[in-house]
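The file upload.cif comes next; it holds mmCIF, C-alpha atoms and all ligand atoms.
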```cif
data_upload
loop_
_atom_site.group_PDB
_atom_site.id
_atom_site.type_symbol
_atom_site.label_atom_id
_atom_site.label_comp_id
_atom_site.auth_asym_id
_atom_site.auth_seq_id
_atom_site.Cartn_x
_atom_site.Cartn_y
_atom_site.Cartn_z
ATOM 1 C CA MET A 102 7.171 -16.336 -28.840
ATOM 2 C CA SER A 103 4.286 -14.232 -27.716
ATOM 3 C CA ALA A 104 5.114 -11.474 -25.315
ATOM 4 C CA SER A 105 2.821 -11.001 -22.367
ATOM 5 C CA PRO A 106 0.349 -8.267 -23.329
ATOM 6 C CA ALA A 107 0.952 -6.659 -19.945
ATOM 7 C CA ILE A 108 4.518 -5.717 -20.858
ATOM 8 C CA GLU A 109 4.052 -4.902 -24.533
ATOM 9 C CA ALA A 110 5.141 -1.312 -24.932
ATOM 10 C CA GLY A 111 2.359 1.153 -25.560
ATOM 11 C CA THR A 112 -0.520 -1.207 -24.785
ATOM 12 C CA VAL A 113 -0.717 -0.551 -21.071
ATOM 13 C CA SER A 114 -2.099 2.776 -19.937
ATOM 14 C CA ALA A 115 0.040 4.859 -17.627
ATOM 15 C CA ARG A 116 -2.636 4.451 -14.985
ATOM 16 C CA GLU A 117 -2.571 0.639 -15.252
ATOM 17 C CA ALA A 118 1.231 0.569 -15.221
ATOM 18 C CA ALA A 119 1.488 2.734 -12.102
ATOM 19 C CA ALA A 120 -1.347 0.845 -10.376
ATOM 20 C CA SER A 121 0.449 -2.483 -10.887
ATOM 21 C CA VAL A 122 3.413 -1.475 -8.707
ATOM 22 C CA VAL A 123 3.459 -3.513 -5.496
ATOM 23 C CA ASP A 124 4.347 -2.087 -2.130
ATOM 24 C CA PRO A 125 8.004 -3.054 -1.531
ATOM 25 C CA GLU A 126 7.365 -3.847 2.124
ATOM 26 C CA ILE A 127 4.016 -5.580 1.827
ATOM 27 C CA ARG A 128 4.605 -7.434 -1.441
ATOM 28 C CA VAL A 129 1.076 -8.795 -1.703
ATOM 29 C CA ILE A 130 -0.629 -5.443 -2.204
ATOM 30 C CA THR A 131 -0.335 -2.826 -4.943
ATOM 31 C CA ILE A 132 0.167 0.860 -4.237
ATOM 32 C CA ASP A 133 -3.265 1.389 -5.784
ATOM 33 C CA GLU A 134 -4.910 -1.010 -3.296
ATOM 34 C CA LEU A 135 -2.921 0.548 -0.477
ATOM 35 C CA GLY A 136 -4.278 3.995 -1.404
ATOM 36 C CA ILE A 137 -0.836 5.530 -1.987
ATOM 37 C CA LEU A 138 -1.490 6.164 -5.678
ATOM 38 C CA ARG A 139 -3.491 9.384 -5.893
ATOM 39 C CA ALA A 140 -3.480 10.388 -9.549
ATOM 40 C CA VAL A 141 -1.970 9.560 -12.918
ATOM 41 C CA GLU A 142 -2.212 12.386 -15.442
ATOM 42 C CA GLU A 143 -1.018 12.589 -18.995
ATOM 43 C CA ASP A 144 -0.225 15.927 -20.609
ATOM 44 C CA SER A 145 -2.121 15.786 -23.902
ATOM 45 C CA THR A 146 0.447 18.053 -25.601
ATOM 46 C CA THR A 147 3.742 16.580 -24.453
ATOM 47 C CA GLY A 148 2.617 13.086 -23.449
ATOM 48 C CA ARG A 149 4.422 13.554 -20.174
ATOM 49 C CA ILE A 150 3.047 11.445 -17.326
ATOM 50 C CA THR A 151 2.676 12.907 -13.846
ATOM 51 C CA VAL A 152 2.051 10.393 -11.078
ATOM 52 C CA THR A 153 0.992 11.687 -7.678
ATOM 53 C CA ILE A 154 1.565 9.586 -4.574
ATOM 54 C CA THR A 155 1.030 10.146 -0.854
ATOM 55 C CA PRO A 156 3.389 8.284 1.485
ATOM 56 C CA THR A 157 1.936 6.065 4.167
ATOM 57 C CA TYR A 158 4.452 7.305 6.694
ATOM 58 C CA THR A 159 6.660 10.360 6.491
ATOM 59 C CA GLY A 160 10.178 9.112 6.087
ATOM 60 C CA CYS A 161 9.118 5.611 5.182
ATOM 61 C CA PRO A 162 12.204 4.456 3.230
ATOM 62 C CA ALA A 163 9.969 2.404 0.953
ATOM 63 C CA MET A 164 8.865 5.589 -0.829
ATOM 64 C CA ASP A 165 12.164 5.852 -2.732
ATOM 65 C CA VAL A 166 11.727 2.287 -3.921
ATOM 66 C CA ILE A 167 8.110 2.987 -4.873
ATOM 67 C CA ARG A 168 9.112 6.073 -6.909
ATOM 68 C CA ALA A 169 11.749 4.054 -8.788
ATOM 69 C CA ASP A 170 9.326 1.164 -9.340
ATOM 70 C CA ILE A 171 6.663 3.517 -10.752
ATOM 71 C CA ARG A 172 9.149 5.013 -13.236
ATOM 72 C CA ARG A 173 10.290 1.536 -14.247
ATOM 73 C CA ALA A 174 6.713 0.268 -14.712
ATOM 74 C CA LEU A 175 5.860 3.323 -16.822
ATOM 75 C CA ALA A 176 9.000 2.907 -18.943
ATOM 76 C CA VAL A 177 8.170 -0.763 -19.571
ATOM 77 C CA ALA A 178 4.692 0.334 -20.706
ATOM 78 C CA GLY A 179 6.273 2.821 -23.119
ATOM 79 C CA HIS A 180 5.785 5.952 -21.038
ATOM 80 C CA LEU A 181 9.372 7.152 -20.817
ATOM 81 C CA ASP A 182 8.700 10.779 -19.906
ATOM 82 C CA ALA A 183 7.358 10.507 -16.370
ATOM 83 C CA GLU A 184 7.531 12.404 -13.141
ATOM 84 C CA VAL A 185 6.497 11.160 -9.703
ATOM 85 C CA ARG A 186 5.189 13.854 -7.373
ATOM 86 C CA THR A 187 4.744 13.361 -3.646
ATOM 87 C CA VAL A 188 1.922 15.165 -1.873
ATOM 88 C CA TYR A 189 1.390 15.062 1.873
ATOM 89 C CA SER A 190 -2.048 16.665 2.020
ATOM 90 C CA PRO A 191 -4.534 15.234 2.652
ATOM 91 C CA PRO A 192 -2.441 12.807 4.696
ATOM 92 C CA TRP A 193 -2.717 9.114 3.926
ATOM 93 C CA SER A 194 -4.753 7.084 6.352
ATOM 94 C CA THR A 195 -5.401 3.381 6.564
ATOM 95 C CA ASP A 196 -8.984 4.153 5.487
ATOM 96 C CA TRP A 197 -7.601 4.479 1.966
ATOM 97 C CA ILE A 198 -6.788 0.785 1.759
ATOM 98 C CA SER A 199 -9.315 -0.804 -0.582
ATOM 99 C CA GLU A 200 -11.546 -3.724 0.392
ATOM 100 C CA GLY A 201 -9.564 -5.962 -1.943
ATOM 101 C CA GLY A 202 -6.347 -4.730 -0.362
ATOM 102 C CA ARG A 203 -7.612 -5.550 3.130
ATOM 103 C CA ALA A 204 -8.506 -9.073 2.027
ATOM 104 C CA LYS A 205 -5.012 -9.536 0.551
ATOM 105 C CA LEU A 206 -3.377 -8.309 3.766
ATOM 106 C CA ALA A 207 -5.443 -10.744 5.810
ATOM 107 C CA ALA A 208 -4.580 -13.609 3.440
ATOM 108 C CA ALA A 209 -0.880 -12.780 3.853
ATOM 109 C CA GLY A 210 -1.122 -12.926 7.636
ATOM 110 C CA ILE A 211 -0.974 -9.155 8.099
ATOM 111 C CA ALA A 212 -3.833 -7.919 10.244
ATOM 112 C CA PRO A 213 -5.611 -5.142 8.338
ATOM 113 C CA PRO A 214 -5.851 -1.970 10.396
ATOM 114 C CA ALA A 215 -9.172 -1.028 11.912
ATOM 115 C CA ALA A 216 -10.951 1.872 10.266
ATOM 116 C CA VAL A 217 -9.948 5.168 11.816
ATOM 117 C CA PRO A 218 -12.887 6.976 13.446
ATOM 118 C CA ALA A 219 -13.945 10.318 11.995
ATOM 119 C CA ALA A 220 -12.612 13.489 13.603
ATOM 120 C CA GLY A 221 -14.461 14.371 16.780
ATOM 121 C CA VAL A 222 -15.485 10.790 17.446
ATOM 122 C CA VAL A 223 -14.034 9.224 20.570
ATOM 123 C CA PRO A 224 -12.042 6.281 19.278
ATOM 124 C CA LEU A 225 -12.981 2.880 20.620
ATOM 125 C CA THR A 226 -10.276 0.416 21.459
ATOM 126 C CA LEU A 227 -10.779 -2.203 18.806
ATOM 127 C CA ALA A 228 -9.380 -5.673 19.173
ATOM 128 C CA VAL A 229 -6.731 -6.650 16.654
ATOM 129 C CA ARG A 230 -7.801 -10.033 15.361
ATOM 130 C CA CYS A 231 -5.307 -12.822 14.751
ATOM 131 C CA PRO A 232 -5.024 -13.346 10.982
ATOM 132 C CA GLN A 233 -4.325 -17.068 11.574
ATOM 133 C CA CYS A 234 -7.269 -18.104 13.768
ATOM 134 C CA GLY A 235 -9.388 -14.936 13.992
ATOM 135 C CA SER A 236 -9.136 -14.710 17.775
ATOM 136 C CA PRO A 237 -9.425 -11.199 19.288
ATOM 137 C CA GLU A 238 -7.189 -12.388 22.157
ATOM 138 C CA THR A 239 -4.047 -10.653 20.901
ATOM 139 C CA GLU A 240 -1.328 -8.491 22.378
ATOM 140 C CA GLN A 241 1.279 -6.119 21.010
ATOM 141 C CA VAL A 242 4.792 -7.505 21.436
ATOM 142 C CA SER A 243 6.720 -4.635 19.908
ATOM 143 C CA ARG A 244 5.833 -1.308 18.365
ATOM 144 C CA PHE A 245 8.087 -2.220 15.466
ATOM 145 C CA GLY A 246 7.614 -5.336 13.396
ATOM 146 C CA SER A 247 9.535 -6.401 10.307
ATOM 147 C CA THR A 248 9.440 -2.774 9.129
ATOM 148 C CA ALA A 249 8.829 0.561 10.843
ATOM 149 C CA CYS A 250 5.328 0.669 9.353
ATOM 150 C CA LYS A 251 4.261 -2.526 11.083
ATOM 151 C CA ALA A 252 3.984 -3.549 14.715
ATOM 152 C CA LEU A 253 4.634 -7.063 15.952
ATOM 153 C CA TRP A 254 1.675 -8.728 17.640
ATOM 154 C CA ARG A 255 1.091 -12.166 19.062
ATOM 155 C CA CYS A 256 -2.047 -14.220 19.365
ATOM 156 C CA ARG A 257 -2.810 -15.544 22.862
ATOM 157 C CA SER A 258 -5.050 -18.293 21.438
ATOM 158 C CA CYS A 259 -2.684 -19.900 18.924
ATOM 159 C CA SER A 260 0.594 -18.188 20.024
ATOM 160 C CA GLU A 261 1.336 -17.152 16.431
ATOM 161 C CA PRO A 262 3.180 -13.841 15.977
ATOM 162 C CA PHE A 263 1.934 -11.591 13.189
ATOM 163 C CA ASP A 264 2.537 -8.179 11.667
ATOM 164 C CA HIS A 265 -0.106 -5.543 12.189
ATOM 165 C CA LEU A 266 -0.095 -2.582 9.825
ATOM 166 C CA LYS A 267 -0.275 0.450 12.105
ATOM 167 C CA ALA A 268 -3.487 2.403 11.801
ATOM 168 C CA LEU A 269 -3.071 6.145 11.318
HETATM 169 ZN ZN ZN B 301 -4.421 -17.011 16.580
#
```

Structure rendered as structure tokens:
Amino acid sequence: MSASPAIEAGTVSAREAAASVVDPEIRVITIDELGILRAVEEDSTTGRITVTITPTYTGCPAMDVIRADIRRALAVAGHLDAEVRTVYSPPWSTDWISEGGRAKLAAAGIAPPAAVPAAGVVPLTLAVRCPQCGSPETEQVSRFGSTACKALWRCRSCSEPFDHLKAL
């Protein structure tokens, strides 16, 4: 019996453990790729871990699940003394989603949000592309998709419905 090295206590850094937590709503992407995970600090005296996260949406119920999942992942990695702090400033934006995260969203049929223009720039209306066929001929069906953080869209070319992560 050889235990997976990933879950052997003490061998995984607190940073790696926290970064491995997947978003409970978008199971294909980690909180690190999503840009929610801001910092993982270890107190050199006490060994206490402080994880800082920024929610994607205020009141997103997934945050409670994420906090619990982070503590569990840290405990599995041997970091039992851990605290998860939530900071709201600077606010999360979809710009924080990594390139790898965007690719995973697209592969899962979730249209990655368009980059948010910088402050002072007049935003252009960007087409939401269908993750199935790539067509820009899409329309919003409902402001709320499978979760409050996603909107339901439909492709006019292939008629496939898909979730679009709302850009902030
Ligand atoms: Zn399509």

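Once only C-alpha atoms and all ligand atoms are used for the distance check, the residues close to ligand ZN 301 (chain B) at 7 Å turn out to be Cys231, Pro232, Gln233, Cys234, Gly235, Ser236, Cys256, Arg257, Ser258, Cys259, Ser260 and Glu261 of chain A.
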
Who sits within 7 Å of stretch 123-140 of chain A, all atoms listed in the file, same chain under 4 positions skipped, as a ChimeraX atom specification: /A:152-157,163,166-167,197-199,201-202,205

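Rounded to one decimal, atom CA of A:Thr146 and atom CA of A:Asp182 lie 12.4 Å from each other.
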
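Using only C-alpha atoms, the shortest contact distance between A:Val185 and any of A:Arg203, A:Glu240, A:Ser145, A:Ala119 is found at A:Ala119.
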
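Atom CA of A:Arg116 sits 8.8 Å away from atom CA of A:Leu175.
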